[in-house]
>>> print(open('work.cif').read())   # mmCIF, C-alpha atoms and all ligand atoms
data_query
loop_
_atom_site.label_atom_id
_atom_site.label_comp_id
_atom_site.auth_asym_id
_atom_site.auth_seq_id
_atom_site.Cartn_x
_atom_site.Cartn_y
_atom_site.Cartn_z
CA MET A 7 -11.05 17.37 -2.93
CA GLU A 8 -8.89 15.10 -0.85
CA ARG A 9 -10.65 13.38 1.99
CA VAL A 10 -8.60 11.13 4.26
CA ARG A 11 -10.93 8.96 6.26
CA CYS A 12 -10.57 8.14 9.92
CA GLU A 13 -10.21 4.63 11.20
CA GLY A 14 -13.62 3.04 11.72
CA GLU A 15 -15.49 5.91 10.09
CA GLY A 16 -18.38 4.40 8.16
CA ASP A 17 -16.34 1.37 7.15
CA PRO A 18 -17.87 -2.09 7.04
CA PRO A 19 -16.40 -4.50 9.60
CA GLU A 20 -13.10 -5.85 8.26
CA ARG A 21 -12.79 -9.35 9.61
CA PRO A 22 -12.52 -11.56 6.54
CA GLY A 23 -11.36 -15.13 7.06
CA PRO A 24 -8.04 -16.38 5.73
CA LEU A 25 -7.55 -16.49 1.96
CA SER A 26 -8.74 -19.70 0.36
CA ASP A 27 -6.32 -21.63 -1.88
CA LYS A 28 -8.27 -20.37 -4.89
CA GLU A 29 -8.00 -16.75 -3.78
CA ARG A 30 -4.29 -17.13 -3.10
CA LEU A 31 -3.71 -18.56 -6.58
CA MET A 32 -5.79 -15.83 -8.22
CA ILE A 33 -3.69 -13.20 -6.45
CA GLN A 34 -0.41 -14.91 -7.39
CA ASP A 35 -1.41 -15.38 -11.05
CA SER A 36 -2.57 -11.80 -11.49
CA TRP A 37 0.48 -10.44 -9.66
CA ALA A 38 2.85 -12.36 -11.96
CA LYS A 39 1.49 -10.30 -14.88
CA VAL A 40 1.64 -7.04 -12.96
CA TYR A 41 5.16 -7.65 -11.70
CA GLN A 42 6.50 -8.08 -15.24
CA ASN A 43 6.00 -4.30 -15.50
CA CYS A 44 6.85 -3.54 -11.91
CA ASP A 45 8.76 -0.29 -12.48
CA ASP A 46 6.07 1.36 -14.62
CA VAL A 47 3.19 0.06 -12.52
CA GLY A 48 4.83 1.09 -9.24
CA VAL A 49 5.42 4.63 -10.49
CA ALA A 50 1.86 4.87 -11.88
CA ILE A 51 0.45 3.78 -8.50
CA LEU A 52 2.49 6.28 -6.51
CA VAL A 53 1.84 9.19 -8.88
CA ARG A 54 -1.89 8.42 -8.59
CA LEU A 55 -1.59 8.34 -4.78
CA PHE A 56 0.19 11.69 -4.60
CA VAL A 57 -2.05 13.42 -7.17
CA SER A 58 -5.33 12.13 -5.68
CA PHE A 59 -4.23 12.49 -2.04
CA PRO A 60 -1.71 15.35 -1.98
CA SER A 61 -1.32 15.23 1.81
CA SER A 62 0.39 11.84 1.36
CA LYS A 63 3.38 13.75 -0.12
CA GLN A 64 4.11 15.40 3.23
CA PHE A 65 6.37 12.50 4.30
CA PHE A 66 8.69 12.81 1.29
CA SER A 67 11.31 15.52 1.61
CA GLN A 68 12.22 15.61 -2.08
CA PHE A 69 8.81 16.04 -3.70
CA LYS A 70 6.37 17.20 -1.05
CA HIS A 71 5.94 20.55 -2.82
CA ILE A 72 5.71 19.19 -6.36
CA GLU A 73 2.24 19.17 -7.93
CA GLU A 74 2.91 18.50 -11.59
CA PRO A 75 2.36 14.74 -12.28
CA GLU A 76 5.16 14.63 -14.88
CA GLU A 77 7.61 16.13 -12.44
CA LEU A 78 6.48 13.72 -9.71
CA ARG A 79 7.01 10.85 -12.13
CA ARG A 80 10.64 11.87 -12.60
CA SER A 81 11.45 12.16 -8.88
CA ASP A 82 14.19 9.79 -7.79
CA GLN A 83 12.71 9.51 -4.32
CA LEU A 84 9.31 8.58 -5.75
CA ARG A 85 10.83 6.00 -8.10
CA LYS A 86 12.88 4.52 -5.27
CA HIS A 87 9.82 4.19 -3.03
CA ALA A 88 7.84 2.68 -5.92
CA ARG A 89 10.48 -0.04 -6.27
CA MET A 90 10.44 -0.70 -2.52
CA VAL A 91 6.64 -0.92 -2.42
CA MET A 92 6.54 -3.30 -5.40
CA SER A 93 9.28 -5.50 -4.06
CA ALA A 94 7.67 -5.71 -0.58
CA LEU A 95 4.35 -6.60 -2.25
CA ASN A 96 6.15 -9.23 -4.29
CA ALA A 97 7.62 -10.76 -1.13
CA LEU A 98 4.15 -10.76 0.40
CA VAL A 99 2.45 -12.37 -2.60
CA GLU A 100 5.18 -15.01 -2.91
CA SER A 101 4.74 -15.91 0.77
CA LEU A 102 0.97 -16.08 0.99
CA ASP A 103 1.10 -19.69 2.17
CA ASP A 104 3.65 -18.84 4.86
CA ALA A 105 1.94 -16.86 7.63
CA ASP A 106 5.20 -16.25 9.51
CA LYS A 107 6.87 -14.75 6.46
CA VAL A 108 3.84 -12.54 5.76
CA ALA A 109 3.88 -11.34 9.37
CA SER A 110 7.61 -10.63 9.21
CA VAL A 111 7.36 -8.59 5.96
CA LEU A 112 4.48 -6.53 7.37
CA ARG A 113 6.19 -6.10 10.74
CA ARG A 114 9.28 -4.67 9.04
CA VAL A 115 7.23 -2.32 6.84
CA GLY A 116 4.90 -1.29 9.69
CA LYS A 117 7.73 -0.62 12.13
CA ALA A 118 9.75 1.47 9.67
CA HIS A 119 6.75 3.63 8.75
CA ALA A 120 5.52 4.05 12.33
CA LEU A 121 8.86 4.75 13.98
CA ARG A 122 11.14 6.17 11.30
CA HIS A 123 8.88 7.76 8.70
CA LYS A 124 5.96 8.65 11.04
CA VAL A 125 3.37 7.86 8.38
CA GLU A 126 -0.24 7.95 9.64
CA PRO A 127 -1.46 4.35 9.11
CA GLY A 128 -4.64 5.50 7.31
CA TYR A 129 -2.39 6.15 4.30
CA PHE A 130 -1.83 2.41 3.96
CA LYS A 131 -5.55 1.93 3.47
CA ILE A 132 -5.60 4.73 0.93
CA LEU A 133 -2.63 3.26 -0.93
CA CYS A 134 -4.30 -0.16 -1.07
CA GLY A 135 -7.38 1.45 -2.63
CA VAL A 136 -5.20 3.25 -5.18
CA ILE A 137 -3.38 0.00 -6.06
CA LEU A 138 -6.72 -1.73 -6.73
CA GLU A 139 -7.86 1.21 -8.84
CA VAL A 140 -4.70 1.35 -10.98
CA LEU A 141 -4.49 -2.43 -11.43
CA GLY A 142 -8.17 -2.50 -12.39
CA GLU A 143 -7.52 0.09 -15.10
CA GLU A 144 -4.19 -1.14 -16.42
CA PHE A 145 -4.85 -4.88 -16.16
CA SER A 146 -8.58 -4.98 -16.76
CA GLY A 147 -8.34 -8.35 -18.52
CA VAL A 148 -6.70 -9.89 -15.46
CA MET A 149 -8.46 -8.07 -12.64
CA THR A 150 -11.90 -9.67 -12.99
CA PRO A 151 -14.40 -8.93 -10.19
CA GLU A 152 -13.50 -12.25 -8.57
CA VAL A 153 -9.76 -11.52 -8.67
CA GLY A 154 -10.38 -7.97 -7.44
CA ALA A 155 -12.39 -9.36 -4.51
CA ALA A 156 -9.47 -11.64 -3.55
CA TRP A 157 -7.09 -8.63 -3.61
CA THR A 158 -9.56 -6.59 -1.55
CA LYS A 159 -9.60 -9.36 1.04
CA LEU A 160 -5.80 -9.51 1.10
CA PHE A 161 -5.48 -5.74 1.51
CA ALA A 162 -8.02 -5.72 4.35
CA ALA A 163 -5.83 -8.27 6.15
CA VAL A 164 -2.66 -6.29 5.33
CA TYR A 165 -4.18 -3.12 6.75
CA ARG A 166 -5.32 -4.94 9.91
CA MET A 167 -1.82 -6.33 10.45
CA ILE A 168 -0.15 -2.98 9.77
CA THR A 169 -2.40 -1.19 12.29
CA ALA A 170 -1.70 -3.95 14.81
CA VAL A 171 2.05 -3.31 14.39
CA TYR A 172 1.48 0.43 14.81
CA GLU A 173 -0.45 -0.19 18.03
CA GLU A 174 2.28 -2.48 19.35
CA GLU A 175 4.81 0.24 18.59
CA GLY A 176 2.78 2.69 20.69
CA TRP A 177 1.32 4.76 17.85
CA THR A 178 -1.37 6.87 19.48
CA LYS A 179 -2.95 8.70 16.58
CA LEU A 180 -4.98 5.85 15.08
CA SER A 181 -8.29 7.62 15.53
CA THR A 182 -7.33 11.12 14.44
CA SER A 183 -7.94 12.58 11.02
CA THR A 184 -4.98 13.15 8.73
CA GLY A 185 -6.75 15.29 6.23
C1 LIG B 201 2.23 -1.26 0.76
C2 LIG B 201 2.64 -0.16 1.35
C3 LIG B 201 4.08 0.27 1.51
C4 LIG B 201 5.22 -0.46 1.42
C5 LIG B 201 5.37 -1.95 1.11
C6 LIG B 201 6.32 0.45 1.66
C7 LIG B 201 7.67 0.09 1.66
C8 LIG B 201 8.69 0.91 2.02
C9 LIG B 201 10.05 0.47 2.24
C10 LIG B 201 10.53 -0.99 2.08
C11 LIG B 201 10.75 1.55 2.62
C12 LIG B 201 12.23 1.59 3.01
C13 LIG B 201 12.29 0.95 4.36
C14 LIG B 201 12.94 1.65 5.47
O1 LIG B 201 13.03 2.88 5.52
O2 LIG B 201 13.37 0.88 6.34
C15 LIG B 201 9.87 2.68 2.63
C16 LIG B 201 10.24 3.95 2.92
C17 LIG B 201 9.36 5.01 3.01
N1 LIG B 201 7.99 4.96 2.90
FE1 LIG B 201 6.92 3.36 2.37
N2 LIG B 201 5.83 1.71 1.89
C18 LIG B 201 4.46 1.63 1.83
C19 LIG B 201 3.56 2.65 2.02
C20 LIG B 201 3.91 3.95 2.31
C21 LIG B 201 2.98 5.03 2.44
C22 LIG B 201 1.45 4.88 2.30
C23 LIG B 201 3.71 6.15 2.72
C24 LIG B 201 3.23 7.57 2.93
C25 LIG B 201 2.16 8.09 2.38
C26 LIG B 201 5.10 5.76 2.77
C27 LIG B 201 6.15 6.60 3.04
C28 LIG B 201 7.48 6.23 3.08
C29 LIG B 201 8.59 7.16 3.31
C30 LIG B 201 8.46 8.68 3.55
C31 LIG B 201 9.76 6.41 3.26
C32 LIG B 201 11.20 6.94 3.36
C33 LIG B 201 11.60 7.33 1.96
C34 LIG B 201 13.02 7.83 1.83
O3 LIG B 201 13.75 7.85 2.82
O4 LIG B 201 13.39 8.19 0.70
N3 LIG B 201 5.19 4.41 2.50
N4 LIG B 201 8.61 2.27 2.26
#
>>> encode(input="work.cif", output="C-alpha cells", more="lines below")
Ligand code: HEM
Amino acid sequence: MERVRCEGEGDPPERPGPLSDKERLMIQDSWAKVYQNCDDVGVAILVRLFVSFPSSKQFFSQFKHIEEPEELRRSDQLRKHARMVMSALNALVESLDDADKVASVLRRVGKAHALRHKVEPGYFKILCGVILEVLGEEFSGVMTPEVGAAWTKLFAAVYRMITAVYEEEGWTKLSTSTG
C-alpha cells in the first residue's frame, strides 16, 4: 500500500557535507552508462514511480486514471516527462563541480513544480528513492554500494535544495501528508 511520508517523519538528519572529488567522479562515471539508455531508463523509472506510488499520477492530466503499467509506458505525457527528468539530471551531473549551475538547474525545476505544477515536494524524495532502486536493479554491475552511497548523498542534497526553493516560493504545505 502506498505510503507517502511527511517531511521530517522518522528520517535521519540530512546534512551531508559536499561531495568529495571521488564521489563526484563515481556519480559521473556511473551516469555515463545510464545515460546511454536514457529513454528506456527514464520510462522505467517513471513507470515504477507511478505504479508504486499511484498518488504521484494526480499531477498528470493525461494518465492520472491509468493503472495498467503497459498503458502507462505508452503515454506520451509520461515519455515526455521521462525525457525532461533525464535531461535535467544529466545537466546536474555534468555540472557537479559548478555549484552555481547546480543551483540554477534546481531552482528552475523547483520553481516550475512549486508554482506551475503544484507538486508536493515530498514526491521529489520519493522519486529519488525510485531512481536509486531502478538503477540498482538495471545497472547492478555499476551501482556498487560505494557508488550508491555517493548517489544517495547527492539526492539528499538535491532534495534539500528543492525544498529550500519551495520555501522561498512560499509553499506552505511542507509538513502535511500527501498520502
Ligand atoms: C528529478 C526530479 C524531476 C525533474 C528533473 C523534473 C523535470 C521536469 C521538467 C524539466 C518539466 C518541464 C518544465 C516546466 O514545466 O517548466 C517538468 C514538468 C512536469 N513535472 Fe517534473 N520533474 C521532476 C520530478 C517530478 C515529480 C516528482 C512530479 C510529480 C510526481 C513531477 C510532475 C511534473 C508535471 C505534472 C509536469 C508538467 C507535465 C506536462 O505539462 O506535461 N515532476 N518536470
>>> atom_distance(input="work.cif", atom1="atom C16 of ligand LIG 201 (chain B)", atom2="atom CA of A:Phe59")
17.5 Å
>>> axis_aligned_box(input="work.cif", around="ligand LIG 201 (chain B)", padding_each_side="5 Å", output="AutoDock Vina command-line options")
--center_x 7.6 --center_y 3.4 --center_z 3.5 --size_x 22.3 --size_y 20.6 --size_z 15.6
>>> atom_distance(input="work.cif", atom1="atom C24 of ligand LIG 201 (chain B)", atom2="atom CA of A:Ser110")
19.7 Å
>>> closest_atom_pairs(input="work.cif", of="chain A", to="ligand LIG 201 (chain B)", cutoff="6 Å", atoms="only C-alpha atoms and all ligand atoms", output="Markdown table")
| residue | atom | partner | partner_atom | distance |
| --- | --- | --- | --- | --- |
| A:Ser62 | CA | B:LIG201 | C25 | 4.3 |
| A:Phe65 | CA | B:LIG201 | C30 | 4.4 |
| A:Phe66 | CA | B:LIG201 | C30 | 4.7 |
| A:Gln83 | CA | B:LIG201 | O4 | 5.2 |
| A:His87 | CA | B:LIG201 | N4 | 5.8 |
| A:Met90 | CA | B:LIG201 | C10 | 4.6 |
| A:Val91 | CA | B:LIG201 | C5 | 3.9 |
| A:Ala94 | CA | B:LIG201 | C5 | 4.7 |
| A:Leu95 | CA | B:LIG201 | C5 | 5.8 |
| A:Val115 | CA | B:LIG201 | C7 | 5.7 |
| A:Ala118 | CA | B:LIG201 | O2 | 5.0 |
| A:His123 | CA | B:LIG201 | C30 | 5.2 |
| A:Val125 | CA | B:LIG201 | C24 | 5.5 |
| A:Tyr129 | CA | B:LIG201 | C22 | 4.5 |
| A:Phe130 | CA | B:LIG201 | C22 | 4.4 |
| A:Leu133 | CA | B:LIG201 | C22 | 5.5 |
>>> residues_around(input="work.cif", residues="A:Val57", least_positions_apart="5", cutoff="10 Å", atoms="only C-alpha atoms", output="VMD selection string")
chain A and resid 8 52 62 to 63 72 to 75 78
>>> atom_distance(input="work.cif", atom1="atom CA of A:Met92", atom2="atom CA of A:Gly116")
15.3 Å
>>> closest_residue(input="work.cif", among="A:Gly142, A:Gly135, A:Gly154, A:Pro127", to="A:Met167", atoms="only C-alpha atoms")
A:Pro127
>>> residues_around(input="work.cif", residues="A:Ile137", least_positions_apart="5", cutoff="10 Å", atoms="only C-alpha atoms", output="number ranges by chain")
A: 47-48, 50-52, 54-55, 131-132, 142-143, 157, 161
>>> residues_around(input="work.cif", residues="A:Ala163", least_positions_apart="2", cutoff="10 Å", atoms="all atoms listed in the file", output="number ranges by chain")
A: 20-25, 157-161, 165-169
>>> closest_residue(input="work.cif", among="A:Asn96, A:Asp82, A:Phe145, A:Ala120", to="A:Glu175", atoms="all atoms listed in the file")
A:Ala120
>>> build_atoms(input="work.cif", residues="stretch 89-110 of chain A", atoms="N, CA and C atoms", output="CSV table (one decimal), in the coordinates of the input")
chain,number,residue,atom,x,y,z
A,89,ARG,N,9.8,1.3,-6.2
A,89,ARG,CA,10.5,0.0,-6.3
A,89,ARG,C,10.4,-0.8,-4.9
A,90,MET,N,10.5,0.0,-3.8
A,90,MET,CA,10.4,-0.7,-2.5
A,90,MET,C,9.0,-1.2,-2.2
A,91,VAL,N,8.0,-0.5,-2.6
A,91,VAL,CA,6.6,-0.9,-2.4
A,91,VAL,C,6.4,-2.2,-3.2
A,92,MET,N,6.8,-2.1,-4.5
A,92,MET,CA,6.5,-3.3,-5.4
A,92,MET,C,7.3,-4.5,-4.9
A,93,SER,N,8.5,-4.3,-4.4
A,93,SER,CA,9.3,-5.5,-4.1
A,93,SER,C,8.8,-6.1,-2.7
A,94,ALA,N,8.3,-5.2,-1.8
A,94,ALA,CA,7.7,-5.7,-0.6
A,94,ALA,C,6.4,-6.5,-0.9
A,95,LEU,N,5.6,-5.9,-1.9
A,95,LEU,CA,4.4,-6.6,-2.2
A,95,LEU,C,4.7,-7.9,-2.9
A,96,ASN,N,5.8,-8.0,-3.7
A,96,ASN,CA,6.2,-9.2,-4.3
A,96,ASN,C,6.5,-10.3,-3.2
A,97,ALA,N,7.3,-9.8,-2.2
A,97,ALA,CA,7.6,-10.8,-1.1
A,97,ALA,C,6.4,-11.3,-0.4
A,98,LEU,N,5.4,-10.4,-0.3
A,98,LEU,CA,4.2,-10.8,0.4
A,98,LEU,C,3.4,-11.8,-0.4
A,99,VAL,N,3.2,-11.5,-1.7
A,99,VAL,CA,2.4,-12.4,-2.6
A,99,VAL,C,3.1,-13.7,-2.7
A,100,GLU,N,4.5,-13.7,-2.8
A,100,GLU,CA,5.2,-15.0,-2.9
A,100,GLU,C,5.0,-15.9,-1.7
A,101,SER,N,4.8,-15.2,-0.5
A,101,SER,CA,4.7,-15.9,0.8
A,101,SER,C,3.3,-16.1,1.3
A,102,LEU,N,2.3,-16.0,0.5
A,102,LEU,CA,1.0,-16.1,1.0
A,102,LEU,C,0.6,-17.4,1.7
A,103,ASP,N,1.4,-18.4,1.4
A,103,ASP,CA,1.1,-19.7,2.2
A,103,ASP,C,2.0,-19.8,3.4
A,104,ASP,N,2.7,-18.8,3.7
A,104,ASP,CA,3.6,-18.8,4.9
A,104,ASP,C,3.3,-17.7,5.8
A,105,ALA,N,2.4,-17.9,6.8
A,105,ALA,CA,1.9,-16.9,7.6
A,105,ALA,C,3.1,-16.1,8.4
A,106,ASP,N,4.1,-16.9,8.8
A,106,ASP,CA,5.2,-16.2,9.5
A,106,ASP,C,5.9,-15.3,8.6
A,107,LYS,N,6.2,-15.6,7.4
A,107,LYS,CA,6.9,-14.8,6.5
A,107,LYS,C,6.0,-13.5,6.2
A,108,VAL,N,4.7,-13.7,6.0
A,108,VAL,CA,3.8,-12.5,5.8
A,108,VAL,C,3.9,-11.6,7.0
A,109,ALA,N,3.8,-12.2,8.2
A,109,ALA,CA,3.9,-11.3,9.4
A,109,ALA,C,5.2,-10.6,9.5
A,110,SER,N,6.3,-11.3,9.1
A,110,SER,CA,7.6,-10.6,9.2
A,110,SER,C,7.8,-9.5,8.2
